[in-house]
Amino acid sequence: MQRIKKSSYVVNLNLNVRGLSPSATLQINERSNDLIQEGKTVYKLGLGQSPFPVPEIIQEALRRNAHQKDYLPVKGLMPLRESIAEFNYRYQGIKCSPEDIIIGPGSKELIFILQLVYYGELIIPTPSWVSYSPQARIAGRHVTWVPTQEDNDWRLSPEMLDLICQKDPDRPRIAILNYPSNPTGSTYPKMRLKKLAEVARKYKIILISDEIYSLIDHSGNHTSIAQYYPEGTIISSGLSKWAGAGGWRLGTFTFPPNLRWLQDAMAIVASETFTSTSAPIQYAAITAFEDHKEIDDYLYHTRRILKALGNYMATELKDKHLTMPEPKGGFYLFVNFEHYREKLAQKGIFTSIELGEGLLKDTGVAILPGVDFGRQSDELTFRLAYVDFDGINVLHQAFTEYAHKEIDVLFLQKYCPKMIDATEQIRQWLNGL
Ligand code: PMP
Ligand code: GLU
């Protein structure tokens, strides 16, 4: 049979997809891996992937469930939804029933489906995670980026949200609040959450509270905005970040009961698209959301490692006049190179993309430009993911040698050497400008 040449097809992509590139986070990962294959030293601070292993007790649950082979209910396995409802209460004091929960193959897919089924504009602060806006575009929704200020840690302010909604108060809207934040690493105090909740209530905004990093808030004290806006908040979460299980693809949405119509609409789309999330993963996830000391210990140690590393890097980079919010949760720093604008211009570097390319070429440090998070292209901001270390070994050392010692610079030098080197590479590069 003769092969049909690609050129014989009419290139006729849907307008909503035309011109889009693959997601920035995944592109930088593949690019870094290609460079490593070519023999280059690359510091992989691009993709935001947890370096820690999936807790052993959850891996064991997956092994026990390898035989699970049936399609599962569209909204998810009932014992898993029960386990998540109990977990929500235990960790957040959120009372919900298993019926309020839907499981998906990653929260990314659930956020997309929600945007597809609800007809409203999307409101997101700039900077925001790379995928919210392209998803809105694919679904054919309008995006309003809300300006933020660096001296306010790039956080959404209730006043600004109000100002935007005032212009057309009855317009249906989805807003996404993500904290601890990807890309900034900052979070919101209770007072600010209360004020944001008041604005959301005033304009009947459907609020997606993307709390996928909540369990790796470095202080272990995360408060869900669902406490203050229960009737309109959908809590988005999953296993990807706190359990180191990004590739397992399991995400969760917790709905308020009065938005059941929206949850049901999502389930219809799910039933016509992904059917149900992988059966062995759902069975294993029951254990992940149960109350186990192993899991609490794992979280305790991962948090203190991330806290020490984030603080170390922030201090070292600030010392070189880079600015950024204090790391409060997750594993990101959002770094501004504004101080070097003139020197960079002399090297022909005017945009964050050019700076990122230059840094990667000269030092092997891979980071993501602020433009991927909705910032202006000439702003010299970047997201740096502090995740390039051997999570299995680092966790083991924190559990053993450092069980009763504060994680200090010696620990980081010994067990996270690539992170120390990457920081030094950036500092040296700046010295050389
Ligand atoms: N929200 C944020 C802020 C993220 O960083 C990510 C990246 N994993 C997601 C949602 C999606 O996560 P997942 O699909 O793995 O649940
Ligand atoms: N959320 C991760 C990041 O921001 C990567 C996974 C993804 O984008 O789907 O880097």
# chains A, B, ... in the order shown; residues from 1 in each chain; ligands from 1

$ residues_near_ligand --ligand "ligand 2" --cutoff "7 Å" --atoms "only C-alpha atoms and all ligand atoms" --output "VMD selection string"
chain A and resid 23 25 to 26 46 to 49 108 129 to 131 182

$ residues_near_ligand --ligand "ligand 1" --cutoff "9 Å" --atoms "only C-alpha atoms and all ligand atoms" --output "PyMOL selection string"
chain A and resi 25+48-49+104-111+128-132+178-183+210-213+236-241+245-252

$ residues_around --residues "Lys347 in chain A" --least-positions-apart "4" --cutoff "9 Å" --atoms "only C-alpha atoms" --output "PDB file with C-alpha atoms, in the first residue's frame"
ATOM      1  CA  GLU A 342      21.496  47.559  31.452  1.00  0.00           C
ATOM      2  CA  LYS A 343      24.312  45.056  31.565  1.00  0.00           C
ATOM      3  CA  LEU A 433      28.097  40.413  32.963  1.00  0.00           C
TER       4      LEU A 433
END

$ select_by_dssp --residues "range 92-195 of chain A" --states "alpha helix (DSSP H)" --output "ChimeraX atom specification"
/A:92,107-117,132-139,158-166,190-195

$ select_by_dssp --residues "range 116-182 of chain A" --states "strand (DSSP E or B)" --output "list in words"
Glu121, Leu122, Ile123, Ile124, Pro125, Val143, Thr144, Trp145, Val146, Arg173, Ile174, Ala175, Ile176, Leu177 and Asn178 of chain A

$ decode --residues "range 30-59 of chain A" --atoms "N, CA and C atoms" --output "short mmCIF file (atom, residue, chain, number, x, y, z; two decimals), in the first residue's frame"
data_model
loop_
_atom_site.label_atom_id
_atom_site.label_comp_id
_atom_site.auth_asym_id
_atom_site.auth_seq_id
_atom_site.Cartn_x
_atom_site.Cartn_y
_atom_site.Cartn_z
N GLU A 30 11.89 18.35 27.89
CA GLU A 30 12.41 17.55 26.77
C GLU A 30 13.70 18.16 26.25
N ARG A 31 13.73 19.49 26.20
CA ARG A 31 14.94 20.16 25.72
C ARG A 31 16.11 19.84 26.65
N SER A 32 15.87 19.88 27.96
CA SER A 32 16.95 19.58 28.92
C SER A 32 17.43 18.14 28.74
N ASN A 33 16.46 17.22 28.57
CA ASN A 33 16.85 15.82 28.40
C ASN A 33 17.66 15.61 27.12
N ASP A 34 17.29 16.33 26.06
CA ASP A 34 18.05 16.21 24.80
C ASP A 34 19.49 16.68 25.00
N LEU A 35 19.64 17.80 25.72
CA LEU A 35 21.00 18.33 25.96
C LEU A 35 21.82 17.34 26.80
N ILE A 36 21.16 16.71 27.77
CA ILE A 36 21.86 15.72 28.61
C ILE A 36 22.32 14.54 27.75
N GLN A 37 21.42 14.12 26.84
CA GLN A 37 21.76 13.03 25.90
C GLN A 37 22.98 13.38 25.07
N GLU A 38 23.10 14.67 24.74
CA GLU A 38 24.26 15.13 23.94
C GLU A 38 25.52 15.24 24.79
N GLY A 39 25.40 14.93 26.07
CA GLY A 39 26.57 14.93 26.94
C GLY A 39 26.77 16.23 27.70
N LYS A 40 25.82 17.16 27.62
CA LYS A 40 25.99 18.45 28.32
C LYS A 40 25.55 18.32 29.79
N THR A 41 26.11 19.17 30.63
CA THR A 41 25.63 19.23 32.02
C THR A 41 24.47 20.21 32.05
N VAL A 42 23.32 19.72 32.50
CA VAL A 42 22.14 20.59 32.57
C VAL A 42 21.59 20.55 33.99
N TYR A 43 21.28 21.73 34.52
CA TYR A 43 20.61 21.82 35.82
C TYR A 43 19.13 21.97 35.52
N LYS A 44 18.38 20.95 35.85
CA LYS A 44 16.97 20.90 35.40
C LYS A 44 16.05 21.63 36.38
N LEU A 45 16.02 22.95 36.23
CA LEU A 45 15.15 23.75 37.09
C LEU A 45 13.94 24.25 36.29
N GLY A 46 13.65 23.53 35.20
CA GLY A 46 12.55 23.94 34.32
C GLY A 46 11.23 23.30 34.71
N LEU A 47 11.15 21.99 34.58
CA LEU A 47 9.89 21.30 34.88
C LEU A 47 9.67 21.22 36.39
N GLY A 48 8.43 21.49 36.81
CA GLY A 48 8.12 21.43 38.24
C GLY A 48 7.65 20.05 38.62
N GLN A 49 8.60 19.17 38.84
CA GLN A 49 8.24 17.78 39.19
C GLN A 49 8.84 17.43 40.54
N SER A 50 8.07 16.82 41.41
CA SER A 50 8.61 16.47 42.72
C SER A 50 9.75 15.46 42.57
N PRO A 51 10.88 15.71 43.22
CA PRO A 51 11.99 14.75 43.13
C PRO A 51 11.83 13.58 44.10
N PHE A 52 10.85 13.67 45.00
CA PHE A 52 10.74 12.65 46.04
C PHE A 52 10.02 11.41 45.52
N PRO A 53 10.35 10.25 46.10
CA PRO A 53 9.66 9.01 45.67
C PRO A 53 8.22 9.01 46.17
N VAL A 54 7.39 8.23 45.53
CA VAL A 54 6.04 8.02 46.07
C VAL A 54 6.21 7.27 47.39
N PRO A 55 5.54 7.71 48.48
CA PRO A 55 5.73 7.00 49.76
C PRO A 55 5.55 5.49 49.60
N GLU A 56 6.41 4.75 50.26
CA GLU A 56 6.46 3.29 50.10
C GLU A 56 5.08 2.63 50.33
N ILE A 57 4.37 3.12 51.31
CA ILE A 57 3.08 2.51 51.65
C ILE A 57 2.08 2.67 50.48
N ILE A 58 2.24 3.74 49.71
CA ILE A 58 1.34 3.95 48.55
C ILE A 58 1.82 3.09 47.37
N GLN A 59 3.15 2.97 47.22
CA GLN A 59 3.67 2.09 46.17
C GLN A 59 3.22 0.65 46.41
#
